[in-house]
file run-v1.cif (mmCIF, C-alpha atoms)
data_final
#
loop_
_atom_site.label_atom_id
_atom_site.label_comp_id
_atom_site.auth_asym_id
_atom_site.auth_seq_id
_atom_site.Cartn_x
_atom_site.Cartn_y
_atom_site.Cartn_z
CA MET S 1 47.19 3.14 47.18
CA ARG S 2 50.73 1.88 46.61
CA PRO S 3 53.29 4.67 47.20
CA SER S 4 55.13 5.95 44.16
CA ARG S 5 58.82 5.29 43.71
CA LEU S 6 59.19 8.88 42.49
CA ALA S 7 60.47 11.82 44.45
CA PRO S 8 57.59 14.17 45.30
CA VAL S 9 56.86 16.99 42.89
CA ALA S 10 55.72 20.34 44.24
CA PRO S 11 52.05 21.05 43.51
CA GLY S 12 51.64 23.20 40.41
CA SER S 13 55.16 22.47 39.19
CA ARG S 14 55.54 22.81 35.42
CA LEU S 15 58.83 20.94 35.28
CA ALA S 16 57.57 17.38 35.52
CA PRO S 17 55.53 16.09 32.57
CA ALA S 18 52.15 14.55 33.23
CA PRO S 19 52.40 10.80 33.83
CA ALA S 20 50.95 8.21 31.53
CA VAL S 21 47.63 6.84 32.76
CA VAL S 22 47.05 3.10 32.38
CA LEU S 23 43.47 2.00 33.02
CA VAL S 24 43.27 -1.63 34.12
CA ALA S 25 39.97 -3.38 33.41
CA HIS S 26 39.05 -6.94 34.31
CA GLY S 27 38.59 -7.99 30.69
CA SER S 28 35.89 -10.08 29.05
CA ARG S 29 35.27 -12.35 26.08
CA ASP S 30 32.40 -10.02 25.20
CA PRO S 31 33.70 -7.35 22.80
CA ARG S 32 31.22 -4.83 24.23
CA ALA S 33 33.25 -4.73 27.44
CA ALA S 34 36.48 -3.70 25.71
CA ALA S 35 34.54 -1.17 23.62
CA ALA S 36 33.18 0.41 26.82
CA THR S 37 36.66 0.54 28.37
CA GLU S 38 38.10 2.17 25.26
CA ALA S 39 35.27 4.71 25.30
CA LEU S 40 36.09 5.54 28.92
CA ALA S 41 39.78 5.95 28.04
CA ARG S 42 38.86 8.33 25.22
CA ALA S 43 36.61 10.33 27.54
CA VAL S 44 39.37 10.67 30.16
CA ARG S 45 41.78 11.72 27.39
CA ARG S 46 39.33 14.38 26.16
CA ALA S 47 38.89 15.71 29.69
CA HIS S 48 42.67 15.82 30.26
CA PRO S 49 44.38 16.31 26.89
CA SER S 50 47.87 16.40 28.43
CA TRP S 51 47.47 12.84 29.77
CA ASP S 52 48.67 9.85 27.78
CA VAL S 53 45.78 7.47 28.53
CA HIS S 54 45.88 3.74 27.75
CA ALA S 55 43.36 0.93 28.29
CA SER S 56 44.56 -2.50 29.41
CA TYR S 57 43.00 -5.75 30.61
CA LEU S 58 43.81 -8.39 33.20
CA ASP S 59 42.22 -11.19 31.18
CA HIS S 60 40.68 -12.13 27.81
CA ALA S 61 41.13 -8.90 25.84
CA GLY S 62 44.46 -7.20 25.20
CA PRO S 63 46.77 -5.49 25.78
CA ARG S 64 47.87 -6.59 29.24
CA PRO S 65 48.91 -3.86 31.72
CA LEU S 66 52.53 -5.04 31.81
CA ASP S 67 52.76 -4.83 28.02
CA VAL S 68 51.50 -1.24 28.09
CA LEU S 69 53.94 -0.30 30.85
CA ALA S 70 56.79 -1.92 28.94
CA GLY S 71 56.06 0.46 26.09
CA LEU S 72 56.61 3.49 28.33
CA PRO S 73 60.39 3.41 29.00
CA GLY S 74 61.68 6.28 31.07
CA ARG S 75 58.15 7.45 31.85
CA ARG S 76 56.09 7.98 34.96
CA ALA S 77 52.81 6.07 34.97
CA VAL S 78 49.72 5.76 37.14
CA LEU S 79 47.94 2.42 37.15
CA VAL S 80 44.19 2.93 37.72
CA PRO S 81 42.20 -0.24 38.54
CA LEU S 82 38.79 -0.06 36.87
CA LEU S 83 37.28 -2.05 39.72
CA LEU S 84 34.23 -1.13 41.76
CA THR S 85 35.39 -2.99 44.87
CA ALA S 86 38.67 -4.03 46.45
CA ALA S 87 38.02 -7.76 46.02
CA TYR S 88 40.40 -10.41 44.66
CA HIS S 89 41.45 -8.55 41.51
CA GLY S 90 42.12 -5.37 43.45
CA LYS S 91 43.95 -7.13 46.28
CA VAL S 92 45.96 -9.67 44.28
CA ASP S 93 45.98 -9.29 40.50
CA VAL S 94 46.59 -5.56 40.20
CA PRO S 95 49.34 -5.38 42.89
CA ALA S 96 50.99 -8.33 41.11
CA VAL S 97 51.20 -6.19 37.97
CA LEU S 98 52.97 -3.48 39.97
CA ASP S 99 55.42 -6.03 41.38
CA ASP S 100 56.14 -7.42 37.90
CA ALA S 101 56.69 -3.89 36.60
CA ALA S 102 59.49 -3.28 39.12
CA SER S 103 62.05 -4.51 36.59
CA LEU S 104 60.83 -2.14 33.86
CA PRO S 105 62.41 1.28 33.19
CA VAL S 106 59.21 3.07 34.19
CA ASP S 107 58.14 4.52 37.55
CA VAL S 108 54.67 3.28 38.43
CA THR S 109 52.19 4.45 41.06
CA LEU S 110 49.11 2.38 41.87
CA ALA S 111 45.88 4.33 42.36
CA ASP S 112 42.94 3.22 44.48
CA VAL S 113 40.06 1.19 43.07
CA LEU S 114 36.99 3.20 42.11
CA GLY S 115 34.59 2.20 44.86
CA PRO S 116 33.11 3.10 47.18
CA SER S 117 32.40 6.62 46.00
CA GLU S 118 29.47 9.03 45.87
CA SER S 119 30.53 9.70 42.27
CA LEU S 120 29.59 6.12 41.39
CA ILE S 121 26.14 6.68 42.87
CA ASP S 122 25.81 9.80 40.70
CA GLY S 123 26.73 7.74 37.64
CA VAL S 124 24.35 4.92 38.52
CA LEU S 125 21.53 7.43 38.87
CA ARG S 126 22.40 8.96 35.48
CA ARG S 127 21.98 5.54 33.82
CA LEU S 128 18.74 4.64 35.63
CA PRO S 129 15.77 5.17 33.28
CA ALA S 130 13.52 8.07 34.16
CA ALA S 131 10.55 6.10 35.46
CA GLU S 132 8.29 6.24 38.48
CA LEU S 133 9.76 3.50 40.64
CA ASP S 134 8.75 2.42 44.10
CA ALA S 135 11.76 0.13 44.66
CA VAL S 136 15.17 -0.54 43.08
CA VAL S 137 17.56 -3.47 42.88
CA LEU S 138 21.23 -2.53 42.58
CA ALA S 139 22.81 -5.34 40.58
CA ALA S 140 26.54 -6.07 40.74
CA ALA S 141 28.71 -8.80 39.26
CA GLY S 142 29.17 -10.49 42.63
CA THR S 143 32.05 -11.49 44.89
CA ARG S 144 32.78 -13.88 47.74
CA ASP S 145 34.71 -11.12 49.52
CA ALA S 146 32.55 -9.98 52.46
CA ALA S 147 34.23 -6.56 52.74
CA ALA S 148 33.65 -5.93 49.03
CA ARG S 149 29.97 -6.88 49.40
CA GLU S 150 29.69 -4.38 52.24
CA THR S 151 30.72 -1.57 49.89
CA ILE S 152 28.04 -2.68 47.41
CA MET S 153 25.46 -2.69 50.21
CA TRP S 154 26.66 0.80 51.13
CA ALA S 155 26.03 1.82 47.52
CA ALA S 156 22.52 0.33 47.67
CA ASP S 157 21.81 2.28 50.88
CA ALA S 158 23.14 5.48 49.28
CA LEU S 159 20.96 4.91 46.23
CA SER S 160 17.94 4.29 48.46
CA ALA S 161 18.57 7.58 50.27
CA ARG S 162 18.87 9.48 46.99
CA LEU S 163 15.67 7.99 45.50
CA SER S 164 13.67 7.74 48.75
CA VAL S 165 12.63 4.17 47.88
CA PRO S 166 13.82 0.77 49.12
CA CYS S 167 16.94 -0.55 47.39
CA ILE S 168 18.43 -4.04 47.69
CA ALA S 169 21.91 -5.09 46.55
CA ALA S 170 21.93 -8.21 44.36
CA TYR S 171 24.59 -10.22 42.57
CA ALA S 172 24.78 -11.97 39.21
CA SER S 173 27.20 -14.54 40.65
CA ALA S 174 29.08 -15.73 43.75
CA SER S 175 26.62 -14.55 46.41
CA PRO S 176 22.87 -14.29 47.02
CA PRO S 177 20.49 -12.76 46.38
CA ASP S 178 20.42 -12.80 42.60
CA PRO S 179 18.58 -9.86 40.95
CA GLY S 180 15.46 -11.92 40.24
CA ALA S 181 15.15 -12.98 43.88
CA ALA S 182 15.61 -9.37 44.98
CA VAL S 183 12.90 -8.17 42.57
CA ARG S 184 10.51 -10.86 43.79
CA HIS S 185 11.21 -9.92 47.42
CA LEU S 186 10.44 -6.25 46.77
CA ARG S 187 7.27 -7.11 44.83
CA ALA S 188 6.13 -9.41 47.63
CA SER S 189 6.69 -6.50 50.04
CA GLY S 190 4.25 -4.34 48.07
CA ALA S 191 6.37 -2.65 45.40
CA SER S 192 4.67 -2.63 41.99
CA ARG S 193 7.33 -0.87 39.90
CA VAL S 194 10.79 -2.24 40.60
CA GLY S 195 13.73 -1.00 38.53
CA LEU S 196 17.20 -2.47 38.07
CA ALA S 197 20.18 -0.16 38.66
CA ALA S 198 23.51 -1.35 37.29
CA TYR S 199 26.67 -1.42 39.42
CA PHE S 200 28.63 -2.48 36.35
CA LEU S 201 31.31 -0.63 34.41
CA ALA S 202 30.64 -2.40 31.11
CA PRO S 203 28.22 -4.84 29.50
CA GLY S 204 29.04 -8.53 29.36
CA PHE S 205 27.82 -11.97 30.39
CA LEU S 206 27.16 -11.15 34.06
CA TYR S 207 25.42 -7.87 33.25
CA ASP S 208 23.17 -9.63 30.75
CA LEU S 209 22.47 -12.35 33.31
CA ALA S 210 21.49 -9.74 35.91
CA VAL S 211 19.14 -7.96 33.50
CA ARG S 212 17.51 -11.18 32.32
CA SER S 213 17.00 -12.39 35.90
CA ALA S 214 15.43 -9.10 36.98
CA ARG S 215 13.21 -8.79 33.90
CA GLU S 216 11.89 -12.34 34.28
CA ALA S 217 10.98 -11.53 37.89
CA GLY S 218 9.01 -8.45 36.84
CA ALA S 219 11.45 -5.51 36.82
CA VAL S 220 9.95 -2.69 34.74
CA CYS S 221 13.27 -1.21 33.57
CA ALA S 222 16.99 -1.94 33.57
CA ALA S 223 19.81 0.60 33.57
CA GLU S 224 22.84 0.52 31.29
CA PRO S 225 26.35 0.05 32.78
CA LEU S 226 28.34 3.13 33.79
CA GLY S 227 30.46 3.09 30.62
CA ASP S 228 31.88 6.56 29.96
CA ALA S 229 29.50 8.47 32.21
CA PRO S 230 30.90 11.92 33.10
CA GLU S 231 30.82 11.02 36.78
CA LEU S 232 33.06 8.02 36.10
CA VAL S 233 35.46 10.14 34.04
CA ARG S 234 35.80 12.59 36.93
CA LEU S 235 36.27 9.75 39.41
CA VAL S 236 39.07 8.20 37.35
CA ALA S 237 40.74 11.61 37.15
CA SER S 238 40.45 12.08 40.91
CA ARG S 239 42.14 8.71 41.47
CA VAL S 240 45.00 9.73 39.15
CA LEU S 241 45.44 13.06 40.87
CA ALA S 242 45.32 11.53 44.35
CA ALA S 243 47.98 9.01 43.33
CA THR S 244 50.27 11.78 42.09
CA GLY S 245 49.63 14.06 45.05
CA ARG S 246 47.87 16.69 42.96
CA SER S 247 44.45 18.30 43.30
CA LEU S 248 41.69 18.91 40.78
CA SER S 249 42.40 22.64 40.95
CA ALA S 250 46.10 22.04 40.27
CA ALA S 251 45.26 19.84 37.29
CA ALA S 252 42.98 22.52 35.88
#
call {"tool": "encode", "arguments": {"input": "run-v1.cif", "output": "structure tokens"}}
result
Amino acid sequence: MRPSRLAPVAPGSRLAPAPAVVLVAHGSRDPRAAAATEALARAVRRAHPSWDVHASYLDHAGPRPLDVLAGLPGRRAVLVPLLLTAAYHGKVDVPAVLDDAASLPVDVTLADVLGPSESLIDGVLRRLPAAELDAVVLAAAGTRDAAARETIMWAADALSARLSVPCIAAYASASPPDPGAAVRHLRASGASRVGLAAYFLAPGFLYDLAVRSAREAGAVCAAEPLGDAPELVRLVASRVLAATGRSLSAAA
């Protein structure tokens, strides 16, 4: 988390207004992705009516984070990366937005990326169809960043422990195994009902690719992306509160 340029505010203080919250998604040419991000922003806004919540995108869709921040003169803002791992976008693109915002008349704090988190596992489980499964593939977009892949493998292990069945991490791009290969491996190991869990925030090309690959290999069900799952809403809120030095009880 990048430290805020603001002076600290005492917990529970009523003098300082709540900061604006700017959610930063990767962005996609697929309009379903922006729709999912907007739905998440609305859900966070409903959960915290005093927060001024905005959705923004690093690529493809608009508006860009810097444009949103430029529209908040004299305000405090928390930038929340809607990223499941601290890979390239979390390490380079989002901090670059914060650097570019230094010249704007707005005080910006950068929150942590969303993963890893037990809350994400809760959300993934919520989206997994209620079916009798004897193995699961946890599909993610994919990354060449080894540390980021380790957090996805951690998520697969956590999911395996929750479900008491084998779970393999798989990737739609950038790194093996792909979801189809993971499904085939589990079936070859004796699993007859393999499900696909989705480590995706929103639908799009890579999510569709993961589902198609798994289905063609024999997966019996495929979960929807996290979208505006309540667990994700609470996780976003916890990142905002951590960035501002407040607690969930203080926010309530």
call {"tool": "residues_around", "arguments": {"input": "run-v1.cif", "residues": "Ser173 of chain S", "least_positions_apart": "6", "cutoff": "8 Å", "atoms": "only C-alpha atoms", "output": "MDAnalysis selection string"}}
result
chainID S and resid 141:143 206
call {"tool": "closest_residue", "arguments": {"input": "run-v1.cif", "among": "S:Leu241, S:Leu82, S:Leu159, S:Ala210", "to": "Asp228 of chain S", "atoms": "all atoms listed in the file"}}
result
S:Leu82
call {"tool": "closest_atom_pairs", "arguments": {"input": "run-v1.cif", "of": "segment 172-228 of chain S", "to": "segment 120-127 of chain S", "cutoff": "10 Å", "atoms": "all atoms listed in the file", "output": "JSON lines"}}
result
{"residue": "S:Ala197", "atom": "CA", "partner": "S:Val124", "partner_atom": "CA", "distance": 6.6}
{"residue": "S:Ala198", "atom": "CA", "partner": "S:Val124", "partner_atom": "CA", "distance": 6.4}
{"residue": "S:Tyr199", "atom": "CA", "partner": "S:Val124", "partner_atom": "CA", "distance": 6.8}
{"residue": "S:Phe200", "atom": "CA", "partner": "S:Val124", "partner_atom": "CA", "distance": 8.8}
{"residue": "S:Leu201", "atom": "CA", "partner": "S:Val124", "partner_atom": "CA", "distance": 9.8}
{"residue": "S:Ala222", "atom": "CA", "partner": "S:Arg127", "partner_atom": "CA", "distance": 9.0}
{"residue": "S:Ala223", "atom": "CA", "partner": "S:Arg127", "partner_atom": "CA", "distance": 5.4}
{"residue": "S:Glu224", "atom": "CA", "partner": "S:Arg127", "partner_atom": "CA", "distance": 5.7}
{"residue": "S:Pro225", "atom": "CA", "partner": "S:Arg127", "partner_atom": "CA", "distance": 7.1}
{"residue": "S:Leu226", "atom": "CA", "partner": "S:Gly123", "partner_atom": "CA", "distance": 6.2}
{"residue": "S:Gly227", "atom": "CA", "partner": "S:Gly123", "partner_atom": "CA", "distance": 9.2}
{"residue": "S:Asp228", "atom": "CA", "partner": "S:Gly123", "partner_atom": "CA", "distance": 9.3}
call {"tool": "resolve_selection", "arguments": {"input": "run-v1.cif", "expression": "the PyMOL selection byres ((chain S and resi 152) around 8)", "output": "number ranges by chain"}}
result
S: 85, 116, 140, 148-151, 153-156, 169
call {"tool": "resolve_selection", "arguments": {"input": "run-v1.cif", "expression": "the PyMOL selection byres ((chain S and resi 84) around 6)", "output": "VMD selection string"}}
result
chain S and resid 83 85 114 to 115
call {"tool": "atom_distance", "arguments": {"input": "run-v1.cif", "atom1": "atom CA of Cys167 of chain S", "atom2": "atom CA of Leu133 of chain S"}}
result
10.7 Å
call {"tool": "closest_residue", "arguments": {"input": "run-v1.cif", "among": "S:Ala219, S:Ala41, S:Ala188, S:Ala139", "to": "Pro176 of chain S", "atoms": "all atoms listed in the file"}}
result
S:Ala139
call {"tool": "atom_distance", "arguments": {"input": "run-v1.cif", "atom1": "atom CA of Asp134 of chain S", "atom2": "atom CA of Val211 of chain S"}}
result
18.1 Å
call {"tool": "closest_residue", "arguments": {"input": "run-v1.cif", "among": "S:Pro166, S:Pro81, S:Gly74, S:Pro129", "to": "Leu98 of chain S", "atoms": "all atoms listed in the file"}}
result
S:Pro81
call {"tool": "residues_around", "arguments": {"input": "run-v1.cif", "residues": "segment 54-58 of chain S", "least_positions_apart": "6", "cutoff": "8 Å", "atoms": "all atoms listed in the file", "output": "number ranges by chain"}}
result
S: 20-27, 37-38, 41, 64-65, 68, 93
call {"tool": "residues_around", "arguments": {"input": "run-v1.cif", "residues": "Arg144 of chain S", "least_positions_apart": "6", "cutoff": "9 Å", "atoms": "all atoms listed in the file", "output": "PyMOL selection string"}}
result
chain S and resi 87-88+174-175
call {"tool": "residues_around", "arguments": {"input": "run-v1.cif", "residues": "Arg193 of chain S", "least_positions_apart": "2", "cutoff": "9 Å", "atoms": "only C-alpha atoms", "output": "mmCIF file with C-alpha atoms, in the frame of the given file"}}
result
data_model
loop_
_atom_site.group_PDB
_atom_site.id
_atom_site.type_symbol
_atom_site.label_atom_id
_atom_site.label_comp_id
_atom_site.auth_asym_id
_atom_site.auth_seq_id
_atom_site.Cartn_x
_atom_site.Cartn_y
_atom_site.Cartn_z
ATOM 1 C CA ALA S 131 10.550 6.100 35.460
ATOM 2 C CA GLU S 132 8.290 6.240 38.480
ATOM 3 C CA LEU S 133 9.760 3.500 40.640
ATOM 4 C CA ASP S 134 8.750 2.420 44.100
ATOM 5 C CA ALA S 135 11.760 0.130 44.660
ATOM 6 C CA VAL S 136 15.170 -0.540 43.080
ATOM 7 C CA ARG S 187 7.270 -7.110 44.830
ATOM 8 C CA ALA S 191 6.370 -2.650 45.400
ATOM 9 C CA GLY S 195 13.730 -1.000 38.530
ATOM 10 C CA GLY S 218 9.010 -8.450 36.840
ATOM 11 C CA ALA S 219 11.450 -5.510 36.820
ATOM 12 C CA VAL S 220 9.950 -2.690 34.740
ATOM 13 C CA CYS S 221 13.270 -1.210 33.570
#
call {"tool": "closest_residue", "arguments": {"input": "run-v1.cif", "among": "S:Ser119, S:Ser160, S:Ser103, S:Ser28", "to": "Ala229 of chain S", "atoms": "all atoms listed in the file"}}
result
S:Ser119
call {"tool": "atom_distance", "arguments": {"input": "run-v1.cif", "atom1": "atom CA of Gly90 of chain S", "atom2": "atom CA of Ser117 of chain S"}}
result
15.6 Å
call {"tool": "resolve_selection", "arguments": {"input": "run-v1.cif", "expression": "the PyMOL selection byres ((chain S and resi 76) around 9)", "output": "list in words"}}
result
Leu6, Pro17, Ala18, Pro19, Ala20, Val21, Leu72, Pro73, Gly74, Arg75, Ala77, Val78, Val106, Asp107, Val108 and Thr109 of chain S
call {"tool": "decode", "arguments": {"input": "run-v1.cif", "residues": "segment 200-211 of chain S", "atoms": "N, CA and C atoms", "output": "mmCIF file, in the first residue's frame"}}
result
data_model
loop_
_atom_site.group_PDB
_atom_site.id
_atom_site.type_symbol
_atom_site.label_atom_id
_atom_site.label_comp_id
_atom_site.auth_asym_id
_atom_site.auth_seq_id
_atom_site.Cartn_x
_atom_site.Cartn_y
_atom_site.Cartn_z
ATOM 1 N N PHE S 200 -11.940 -15.045 -11.490
ATOM 2 C CA PHE S 200 -12.105 -13.902 -12.390
ATOM 3 C C PHE S 200 -13.046 -12.904 -11.722
ATOM 4 N N LEU S 201 -12.780 -11.627 -11.912
ATOM 5 C CA LEU S 201 -13.681 -10.605 -11.401
ATOM 6 C C LEU S 201 -14.866 -10.377 -12.324
ATOM 7 N N ALA S 202 -14.639 -10.524 -13.630
ATOM 8 C CA ALA S 202 -15.672 -10.180 -14.611
ATOM 9 C C ALA S 202 -15.555 -11.089 -15.818
ATOM 10 N N PRO S 203 -16.633 -11.248 -16.567
ATOM 11 C CA PRO S 203 -16.563 -12.030 -17.804
ATOM 12 C C PRO S 203 -15.790 -11.280 -18.884
ATOM 13 N N GLY S 204 -15.335 -12.022 -19.864
ATOM 14 C CA GLY S 204 -14.566 -11.454 -20.961
ATOM 15 C C GLY S 204 -13.937 -12.572 -21.772
ATOM 16 N N PHE S 205 -13.034 -12.207 -22.685
ATOM 17 C CA PHE S 205 -12.447 -13.179 -23.599
ATOM 18 C C PHE S 205 -11.749 -14.313 -22.859
ATOM 19 N N LEU S 206 -10.908 -13.988 -21.868
ATOM 20 C CA LEU S 206 -10.136 -15.030 -21.189
ATOM 21 C C LEU S 206 -11.034 -15.916 -20.327
ATOM 22 N N TYR S 207 -12.043 -15.335 -19.713
ATOM 23 C CA TYR S 207 -12.991 -16.158 -18.951
ATOM 24 C C TYR S 207 -13.710 -17.124 -19.887
ATOM 25 N N ASP S 208 -14.191 -16.625 -21.007
ATOM 26 C CA ASP S 208 -14.876 -17.494 -21.970
ATOM 27 C C ASP S 208 -13.949 -18.594 -22.466
ATOM 28 N N LEU S 209 -12.691 -18.244 -22.711
ATOM 29 C CA LEU S 209 -11.708 -19.228 -23.167
ATOM 30 C C LEU S 209 -11.507 -20.321 -22.124
ATOM 31 N N ALA S 210 -11.427 -19.914 -20.852
ATOM 32 C CA ALA S 210 -11.248 -20.888 -19.772
ATOM 33 C C ALA S 210 -12.434 -21.835 -19.688
ATOM 34 N N VAL S 211 -13.642 -21.280 -19.768
ATOM 35 C CA VAL S 211 -14.850 -22.116 -19.683
ATOM 36 C C VAL S 211 -14.923 -23.081 -20.856
#
